[in-house]
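What follows is structure-v7.txt (compact mmCIF, N, CA and C atoms).
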# COMPACT_ATOMS: atom_id res chain seq x y z
N MET P 2 97.80 147.50 55.72
CA MET P 2 97.72 146.38 56.63
C MET P 2 98.58 146.58 57.87
N PRO P 3 98.84 147.81 58.29
CA PRO P 3 99.66 148.00 59.47
C PRO P 3 98.97 147.49 60.73
N ASN P 4 99.79 147.02 61.68
CA ASN P 4 99.30 146.54 62.97
C ASN P 4 98.33 145.38 62.85
N THR P 5 98.46 144.58 61.82
CA THR P 5 97.61 143.41 61.64
C THR P 5 98.48 142.16 61.66
N GLU P 6 98.11 141.21 62.49
CA GLU P 6 98.85 139.95 62.53
C GLU P 6 98.58 139.19 61.24
N MET P 7 99.65 138.68 60.63
CA MET P 7 99.53 137.98 59.36
C MET P 7 99.72 136.47 59.58
N THR P 8 99.03 135.69 58.77
CA THR P 8 99.11 134.23 58.82
C THR P 8 99.46 133.70 57.44
N THR P 9 100.37 132.75 57.37
CA THR P 9 100.74 132.13 56.11
C THR P 9 99.68 131.12 55.74
N VAL P 10 99.10 131.28 54.54
CA VAL P 10 98.07 130.36 54.07
C VAL P 10 98.54 129.49 52.92
N TYR P 11 99.73 129.81 52.37
CA TYR P 11 100.24 129.04 51.24
C TYR P 11 101.73 129.30 51.13
N VAL P 12 102.50 128.27 50.77
CA VAL P 12 103.92 128.44 50.50
C VAL P 12 104.14 128.04 49.05
N ALA P 13 104.49 129.02 48.24
CA ALA P 13 104.67 128.80 46.81
C ALA P 13 106.11 128.47 46.49
N ASN P 14 106.31 127.74 45.42
CA ASN P 14 107.65 127.42 44.94
C ASN P 14 108.03 128.42 43.85
N GLY P 15 108.29 129.63 44.26
CA GLY P 15 108.72 130.66 43.33
C GLY P 15 107.73 131.81 43.24
N GLN P 16 108.24 132.93 42.76
CA GLN P 16 107.47 134.16 42.66
C GLN P 16 106.27 134.04 41.71
N PRO P 17 106.40 133.41 40.54
CA PRO P 17 105.24 133.33 39.64
C PRO P 17 104.04 132.62 40.28
N GLU P 18 104.27 131.51 40.93
CA GLU P 18 103.19 130.78 41.59
C GLU P 18 102.56 131.64 42.70
N ALA P 19 103.40 132.33 43.46
CA ALA P 19 102.91 133.18 44.55
C ALA P 19 102.04 134.31 44.00
N GLU P 20 102.42 134.88 42.88
CA GLU P 20 101.65 135.97 42.28
C GLU P 20 100.27 135.49 41.82
N ILE P 21 100.20 134.27 41.33
CA ILE P 21 98.91 133.70 40.92
C ILE P 21 98.00 133.55 42.14
N ILE P 22 98.53 132.99 43.22
CA ILE P 22 97.76 132.81 44.44
C ILE P 22 97.34 134.16 45.00
N LYS P 23 98.26 135.11 45.00
CA LYS P 23 97.96 136.46 45.48
C LYS P 23 96.82 137.07 44.69
N GLY P 24 96.88 136.97 43.38
CA GLY P 24 95.83 137.53 42.53
C GLY P 24 94.49 136.88 42.80
N ARG P 25 94.49 135.58 42.99
CA ARG P 25 93.24 134.86 43.26
C ARG P 25 92.60 135.36 44.54
N LEU P 26 93.39 135.49 45.58
CA LEU P 26 92.85 135.95 46.87
C LEU P 26 92.42 137.41 46.81
N GLU P 27 93.18 138.22 46.12
CA GLU P 27 92.82 139.64 46.02
C GLU P 27 91.53 139.85 45.23
N THR P 28 91.24 138.97 44.26
CA THR P 28 89.97 139.11 43.55
C THR P 28 88.78 138.83 44.46
N GLU P 29 89.04 138.13 45.56
CA GLU P 29 87.99 137.85 46.55
C GLU P 29 87.99 138.91 47.66
N GLY P 30 88.82 139.95 47.50
CA GLY P 30 88.84 141.03 48.47
C GLY P 30 89.73 140.80 49.67
N ILE P 31 90.61 139.81 49.59
CA ILE P 31 91.50 139.50 50.70
C ILE P 31 92.86 140.13 50.44
N PRO P 32 93.31 141.03 51.31
CA PRO P 32 94.63 141.62 51.12
C PRO P 32 95.73 140.58 51.36
N VAL P 33 96.78 140.65 50.57
CA VAL P 33 97.84 139.64 50.62
C VAL P 33 99.20 140.32 50.71
N MET P 34 100.09 139.70 51.48
CA MET P 34 101.47 140.12 51.54
C MET P 34 102.33 138.90 51.21
N LEU P 35 103.35 139.11 50.37
CA LEU P 35 104.27 138.03 50.02
C LEU P 35 105.57 138.22 50.79
N ARG P 36 106.05 137.15 51.40
CA ARG P 36 107.32 137.19 52.15
C ARG P 36 108.25 136.16 51.52
N TYR P 37 109.46 136.61 51.23
CA TYR P 37 110.41 135.72 50.56
C TYR P 37 111.84 136.16 50.86
N GLU P 38 112.74 135.23 50.66
CA GLU P 38 114.17 135.49 50.78
C GLU P 38 114.62 136.16 49.48
N SER P 39 115.20 137.31 49.57
CA SER P 39 115.54 138.08 48.37
C SER P 39 116.53 137.35 47.47
N ALA P 40 117.43 136.55 48.02
CA ALA P 40 118.41 135.84 47.20
C ALA P 40 117.73 134.89 46.23
N GLY P 41 116.67 134.23 46.67
CA GLY P 41 115.95 133.32 45.79
C GLY P 41 115.31 134.06 44.63
N LEU P 42 114.78 135.24 44.89
CA LEU P 42 114.16 136.04 43.84
C LEU P 42 115.21 136.57 42.87
N VAL P 43 116.31 137.07 43.40
CA VAL P 43 117.35 137.66 42.56
C VAL P 43 118.01 136.61 41.67
N TYR P 44 118.31 135.45 42.23
CA TYR P 44 119.03 134.43 41.48
C TYR P 44 118.12 133.37 40.87
N GLY P 45 116.85 133.44 41.14
CA GLY P 45 115.91 132.48 40.57
C GLY P 45 116.08 131.07 41.12
N LEU P 46 116.52 130.96 42.34
CA LEU P 46 116.76 129.65 42.95
C LEU P 46 115.50 129.13 43.63
N ILE P 47 115.29 127.83 43.53
CA ILE P 47 114.18 127.19 44.23
C ILE P 47 114.71 125.91 44.87
N ILE P 48 115.72 126.06 45.73
CA ILE P 48 116.31 124.92 46.43
C ILE P 48 116.55 125.28 47.89
N ASP P 49 116.43 124.30 48.75
CA ASP P 49 116.70 124.47 50.18
C ASP P 49 115.99 125.69 50.78
N GLY P 50 114.76 125.93 50.35
CA GLY P 50 114.00 127.04 50.91
C GLY P 50 114.17 128.35 50.17
N LEU P 51 115.27 128.49 49.43
CA LEU P 51 115.42 129.69 48.62
C LEU P 51 114.41 129.63 47.49
N GLY P 52 113.76 130.70 47.24
CA GLY P 52 112.76 130.73 46.18
C GLY P 52 111.36 130.48 46.69
N GLN P 53 111.24 129.97 47.90
CA GLN P 53 109.91 129.78 48.47
C GLN P 53 109.33 131.14 48.83
N VAL P 54 108.05 131.29 48.57
CA VAL P 54 107.38 132.55 48.87
C VAL P 54 106.18 132.23 49.77
N LYS P 55 106.13 132.87 50.92
CA LYS P 55 105.01 132.69 51.83
C LYS P 55 103.91 133.69 51.46
N VAL P 56 102.73 133.16 51.23
CA VAL P 56 101.57 133.99 50.94
C VAL P 56 100.85 134.21 52.27
N GLN P 57 100.79 135.45 52.71
CA GLN P 57 100.23 135.76 54.01
C GLN P 57 99.03 136.69 53.89
N VAL P 58 98.07 136.45 54.76
CA VAL P 58 96.86 137.27 54.82
C VAL P 58 96.62 137.67 56.27
N PRO P 59 95.81 138.70 56.51
CA PRO P 59 95.47 139.02 57.90
C PRO P 59 94.87 137.79 58.58
N SER P 60 95.26 137.56 59.81
CA SER P 60 94.84 136.35 60.53
C SER P 60 93.33 136.17 60.56
N TYR P 61 92.59 137.26 60.67
CA TYR P 61 91.14 137.13 60.75
C TYR P 61 90.52 136.70 59.41
N LEU P 62 91.31 136.71 58.32
CA LEU P 62 90.82 136.25 57.02
C LEU P 62 91.44 134.93 56.57
N ALA P 63 92.27 134.34 57.44
CA ALA P 63 93.00 133.12 57.07
C ALA P 63 92.06 131.96 56.74
N GLN P 64 91.01 131.77 57.53
CA GLN P 64 90.09 130.67 57.27
C GLN P 64 89.41 130.85 55.91
N GLU P 65 88.96 132.05 55.62
CA GLU P 65 88.31 132.31 54.33
C GLU P 65 89.29 132.08 53.17
N ALA P 66 90.52 132.52 53.33
CA ALA P 66 91.53 132.32 52.29
C ALA P 66 91.80 130.83 52.07
N ASN P 67 91.91 130.07 53.16
CA ASN P 67 92.13 128.62 53.04
C ASN P 67 90.97 127.94 52.34
N GLU P 68 89.75 128.36 52.63
CA GLU P 68 88.59 127.77 51.97
C GLU P 68 88.61 128.05 50.47
N ILE P 69 88.97 129.25 50.08
CA ILE P 69 89.06 129.60 48.66
C ILE P 69 90.11 128.75 47.97
N LEU P 70 91.28 128.63 48.58
CA LEU P 70 92.36 127.86 47.97
C LEU P 70 92.03 126.37 47.92
N THR P 71 91.38 125.85 48.95
CA THR P 71 90.99 124.44 48.97
C THR P 71 89.96 124.16 47.89
N THR P 72 88.98 125.05 47.73
CA THR P 72 87.96 124.89 46.70
C THR P 72 88.60 124.94 45.31
N ASP P 73 89.50 125.89 45.10
CA ASP P 73 90.18 126.00 43.81
C ASP P 73 90.99 124.75 43.50
N GLU P 74 91.66 124.21 44.51
CA GLU P 74 92.47 123.00 44.32
C GLU P 74 91.58 121.81 43.94
N ALA P 75 90.44 121.69 44.61
CA ALA P 75 89.52 120.59 44.33
C ALA P 75 88.96 120.72 42.91
N GLU P 76 88.61 121.93 42.51
CA GLU P 76 88.09 122.14 41.16
C GLU P 76 89.16 121.87 40.11
N GLY P 77 90.40 122.25 40.40
CA GLY P 77 91.51 121.99 39.49
C GLY P 77 91.75 120.50 39.32
N SER P 78 91.64 119.73 40.41
CA SER P 78 91.81 118.28 40.33
C SER P 78 90.70 117.65 39.51
N LYS P 79 89.48 118.16 39.69
CA LYS P 79 88.34 117.64 38.94
C LYS P 79 88.54 117.89 37.45
N LEU P 80 89.01 119.06 37.07
CA LEU P 80 89.25 119.38 35.67
C LEU P 80 90.35 118.51 35.10
N ALA P 81 91.39 118.26 35.88
CA ALA P 81 92.49 117.40 35.42
C ALA P 81 91.99 115.98 35.19
N ASP P 82 91.13 115.48 36.08
CA ASP P 82 90.57 114.14 35.91
C ASP P 82 89.72 114.06 34.65
N GLN P 83 88.93 115.10 34.39
CA GLN P 83 88.09 115.12 33.19
C GLN P 83 88.96 115.14 31.94
N ALA P 84 90.04 115.87 31.97
CA ALA P 84 90.95 115.93 30.82
C ALA P 84 91.58 114.56 30.58
N ASP P 85 91.94 113.85 31.66
CA ASP P 85 92.50 112.50 31.52
C ASP P 85 91.49 111.56 30.90
N ASP P 86 90.23 111.68 31.30
CA ASP P 86 89.18 110.80 30.79
C ASP P 86 88.92 111.02 29.31
N THR P 87 89.11 112.25 28.84
CA THR P 87 88.86 112.55 27.43
C THR P 87 90.11 112.44 26.58
N GLY P 88 91.24 112.16 27.22
CA GLY P 88 92.49 111.98 26.49
C GLY P 88 93.17 113.27 26.09
N LEU P 89 92.84 114.37 26.76
CA LEU P 89 93.48 115.66 26.45
C LEU P 89 94.80 115.80 27.15

Can the structure from this file be put into structure tokens for me?
Amino acid sequence: MPNTEMTTVYVANGQPEAEIIKGRLETEGIPVMLRYESAGLVYGLIIDGLGQVKVQVPSYLAQEANEILTTDEAEGSKLADQADDTGL
């Protein structure tokens, strides 16, 4: 991804969440770079911005990445509502 402008499409609260988002986008063929403050990763902190991980994609793929994440979020909400209705 050299010489490619990157755009942040998601800010995760910690490395595990960022890795899930990264994997989801990569399965759709979108290259991903994670940017984070190393102190948050080393110490496992998620306060005052430490521990936040920026999920970045090439700018020309940002719209597609946002659409994927928005669709996934909507589907996740729908599943949660169905689980509430069935008492799970």

- Message: From the options P:Glu68, P:Glu27, P:Glu38, P:Asp73, which residue's atoms come nearest to Val54 (chain P), counting all atoms listed in the file?
- Response: P:Glu38

- Item | Surrounding residues of Arg36 (chain P) excluding itself and chain neighbours under 4 positions, 8 Å, all atoms listed in the file, as an MDAnalysis selection string | chainID P and resid 53:57

- Task: Using CA of Tyr37 (chain P) and CA of Glu76 (chain P) as the two end points, give the distance in Å to one decimal.
- Result: 27.8 Å

- Just give me the gap between CA of Gln16 (chain P) and CA of Pro32 (chain P) in Å, one decimal is fine.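 Rounded to one decimal, the two atoms are 17.1 Å apart.
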
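Reported to one decimal place, the separation of atom C of Glu6 (chain P) from CA of Tyr61 (chain P) is 7.7 Å.
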
- Message: Which residue is closest to Gly15 (chain P)? Choose from P:Ala75, P:Ile69, P:Leu35, P:Leu62 and count only C-alpha atoms.
- Response: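 Closest residue, counting only C-alpha atoms: P:Leu35.
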
- Pick the closest to Met34 (chain P) from P:Ala19, P:Gly52, P:Tyr11, P:Val58: which is it, counting only N, CA and C atoms?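 Nearest to Met34 (chain P): P:Val58.
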
- Nearby residues (only C-alpha atoms) at most 10 Å from Val10 (chain P), same-chain spacing under 3 positions excluded, as a ChimeraX atom specification: /P:7,13,22,33,55-60,62-67,70
